[in-house]
Each structure stands twice: as structure tokens, then as C-alpha cells.
Amino acid sequence: VGLGDAPETAITTGAVWGIKSSLIGFGARYVQMTAKPMVNVVPLYNQKQFATELHMKGRIRMWWVLKAGIRLVVRAAKVKGGLRTWVQLVLKTRARFKPAS
């Protein structure tokens, strides 16, 4: 974090530290963490710069993916024209991202 002015950079560094720590605390309620999170905020007093990095690993069990897919299809089927609209949307999106030959 850098704003070019030392006092402003110091205040912003503290604010960014607090925001990052709060986000980690909020996320820890919903995600089981296997390692202690590391938060680094480096003040750059003579530069105007802001950069952040996030490194993480995740794992999703196949059961939850299948359950979510079934729930999506069931909910779409309950709405009049829901399945047809959903399939058309998927096909339209798929055609947009078709690789060039």
C-alpha cells in the first residue's frame, strides 16, 4: 500500500490490515482452515501503489456438486418454462465461448 504521503500511507496501511483481518475472520466461520492464515501489509511510503495477493487451496466433495446440480434442476422444473429457459441459456453461453478452429 502506498499513497505517496507518509501519514496517509500509515493510516491506509492500518485500515487495509483491519479489512483483511476482518475478511479472514468472517470467512473462518464458514470454511474450515487447515493452516493459520498469514496477513501481510507492506507500506510503500514513497510510491503510489496498491497490490494484494491471495494464495489458497480448496477442495469440494463430489457429493455436494451432485446435490447442487439436482437442486438446480428441481427448482428450474418447478417454474413454468424454467427448464427450457435454463437449457437455452446454457447453450447460448456455450456457443459464445466456443473455441476458434
# chains A, B, ... in the order shown; residues from 1 in each chain; ligands from 1
call {"tool": "residues_around", "arguments": {"residues": "stretch 2-18 of chain A", "least_positions_apart": "2", "cutoff": "10 Å", "atoms": "only C-alpha atoms", "output": "list in words"}}
result
Lys20, Ser21, Ser22, Leu23, Ile24, Val39, Asn40, Val41, Val42, Pro43, Leu44, Tyr45, Asn46, Gln47, Lys48, Gln49, Phe50 and Ala51 of chain A
call {"tool": "write_last_selection", "arguments": {"atoms": "C-alpha atoms", "output": "PDB file, in the first residue's frame"}}
result
ATOM      1  CA  LYS A  20      -8.073  -8.140   5.581  1.00  0.00           C
ATOM      2  CA  SER A  21      -8.223  -9.467   9.143  1.00  0.00           C
ATOM      3  CA  SER A  22     -11.984  -8.949   9.286  1.00  0.00           C
ATOM      4  CA  LEU A  23     -12.497 -10.790   5.997  1.00  0.00           C
ATOM      5  CA  ILE A  24     -10.408 -13.717   7.236  1.00  0.00           C
ATOM      6  CA  VAL A  39      -1.716 -11.362   6.613  1.00  0.00           C
ATOM      7  CA  ASN A  40       0.982  -9.022   5.365  1.00  0.00           C
ATOM      8  CA  VAL A  41       0.524  -5.348   4.617  1.00  0.00           C
ATOM      9  CA  VAL A  42       3.661  -3.575   3.450  1.00  0.00           C
ATOM     10  CA  PRO A  43       3.635   0.234   3.429  1.00  0.00           C
ATOM     11  CA  LEU A  44       5.372   1.917   0.466  1.00  0.00           C
ATOM     12  CA  TYR A  45       5.835   5.473   1.695  1.00  0.00           C
ATOM     13  CA  ASN A  46       7.395   6.970  -1.452  1.00  0.00           C
ATOM     14  CA  GLN A  47       5.180   5.338  -4.086  1.00  0.00           C
ATOM     15  CA  LYS A  48       1.564   5.391  -5.159  1.00  0.00           C
ATOM     16  CA  GLN A  49       0.694   1.731  -5.380  1.00  0.00           C
ATOM     17  CA  PHE A  50      -1.825  -0.846  -4.176  1.00  0.00           C
ATOM     18  CA  ALA A  51      -1.426  -4.573  -4.729  1.00  0.00           C
TER      19      ALA A  51
END
call {"tool": "select_by_dssp", "arguments": {"residues": "chain A", "states": "alpha helix (DSSP H)", "output": "ChimeraX atom specification"}}
result
/A:6-28,62-78,82-96
call {"tool": "atom_distance", "arguments": {"atom1": "atom CA of A:Arg71", "atom2": "atom CA of A:Arg29"}}
result
24.4 Å
call {"tool": "closest_atom_pairs", "arguments": {"of": "stretch 31-77 of chain A", "to": "stretch 81-84 of chain A", "cutoff": "12 Å", "atoms": "only C-alpha atoms", "output": "Markdown table"}}
result
| residue | atom | partner | partner_atom | distance |
| --- | --- | --- | --- | --- |
| A:Leu72 | CA | A:Leu83 | CA | 9.7 |
| A:Val73 | CA | A:Leu83 | CA | 7.3 |
| A:Val74 | CA | A:Leu83 | CA | 9.0 |
| A:Arg75 | CA | A:Gly82 | CA | 8.2 |
| A:Ala76 | CA | A:Gly82 | CA | 4.7 |
| A:Ala77 | CA | A:Leu83 | CA | 5.5 |
call {"tool": "write_last_selection", "arguments": {"atoms": "all heavy atoms", "output": "mmCIF file, in the first residue's frame"}}
result
data_model
loop_
_atom_site.group_PDB
_atom_site.id
_atom_site.type_symbol
_atom_site.label_atom_id
_atom_site.label_comp_id
_atom_site.auth_asym_id
_atom_site.auth_seq_id
_atom_site.Cartn_x
_atom_site.Cartn_y
_atom_site.Cartn_z
ATOM 1 N N LEU A 72 -30.684 -27.592 -8.510
ATOM 2 C CA LEU A 72 -30.892 -26.617 -9.582
ATOM 3 C C LEU A 72 -31.937 -27.105 -10.580
ATOM 4 O O LEU A 72 -32.841 -26.367 -10.960
ATOM 5 C CB LEU A 72 -29.561 -26.337 -10.299
ATOM 6 C CG LEU A 72 -29.630 -25.421 -11.507
ATOM 7 C CD1 LEU A 72 -30.007 -24.002 -11.083
ATOM 8 C CD2 LEU A 72 -28.310 -25.422 -12.245
ATOM 9 N N VAL A 73 -31.842 -28.360 -10.986
ATOM 10 C CA VAL A 73 -32.786 -28.911 -11.962
ATOM 11 C C VAL A 73 -34.191 -28.968 -11.363
ATOM 12 O O VAL A 73 -35.171 -28.616 -12.039
ATOM 13 C CB VAL A 73 -32.317 -30.304 -12.426
ATOM 14 C CG1 VAL A 73 -33.385 -30.996 -13.255
ATOM 15 C CG2 VAL A 73 -31.034 -30.189 -13.227
ATOM 16 N N VAL A 74 -34.315 -29.383 -10.112
ATOM 17 C CA VAL A 74 -35.628 -29.464 -9.470
ATOM 18 C C VAL A 74 -36.263 -28.084 -9.368
ATOM 19 O O VAL A 74 -37.445 -27.899 -9.681
ATOM 20 C CB VAL A 74 -35.515 -30.127 -8.079
ATOM 21 C CG1 VAL A 74 -36.800 -29.973 -7.277
ATOM 22 C CG2 VAL A 74 -35.152 -31.593 -8.231
ATOM 23 N N ARG A 75 -35.485 -27.095 -8.959
ATOM 24 C CA ARG A 75 -36.040 -25.738 -8.840
ATOM 25 C C ARG A 75 -36.407 -25.151 -10.189
ATOM 26 O O ARG A 75 -37.413 -24.459 -10.321
ATOM 27 C CB ARG A 75 -35.046 -24.825 -8.129
ATOM 28 C CG ARG A 75 -34.953 -25.104 -6.653
ATOM 29 C CD ARG A 75 -34.041 -24.124 -5.963
ATOM 30 N NE ARG A 75 -33.977 -24.413 -4.537
ATOM 31 C CZ ARG A 75 -33.247 -23.746 -3.694
ATOM 32 N NH1 ARG A 75 -32.496 -22.735 -4.106
ATOM 33 N NH2 ARG A 75 -33.230 -24.066 -2.426
ATOM 34 N N ALA A 76 -35.609 -25.442 -11.213
ATOM 35 C CA ALA A 76 -35.930 -24.947 -12.563
ATOM 36 C C ALA A 76 -37.185 -25.630 -13.093
ATOM 37 O O ALA A 76 -37.977 -25.022 -13.817
ATOM 38 C CB ALA A 76 -34.752 -25.176 -13.501
ATOM 39 N N ALA A 77 -37.393 -26.899 -12.744
ATOM 40 C CA ALA A 77 -38.569 -27.632 -13.216
ATOM 41 C C ALA A 77 -39.853 -27.115 -12.579
ATOM 42 O O ALA A 77 -40.929 -27.227 -13.172
ATOM 43 C CB ALA A 77 -38.392 -29.121 -12.920
#
call {"tool": "atom_distance", "arguments": {"atom1": "atom CA of A:Gln32", "atom2": "atom CA of A:Gly58"}}
result
10.2 Å
call {"tool": "atom_distance", "arguments": {"atom1": "atom CA of A:Thr34", "atom2": "atom CA of A:Lys57"}}
result
10.1 Å
call {"tool": "select_by_dssp", "arguments": {"residues": "chain A", "states": "strand (DSSP E)", "output": "list in words"}}
result
Gly2, Leu3, Lys48 and Gln49 of chain A
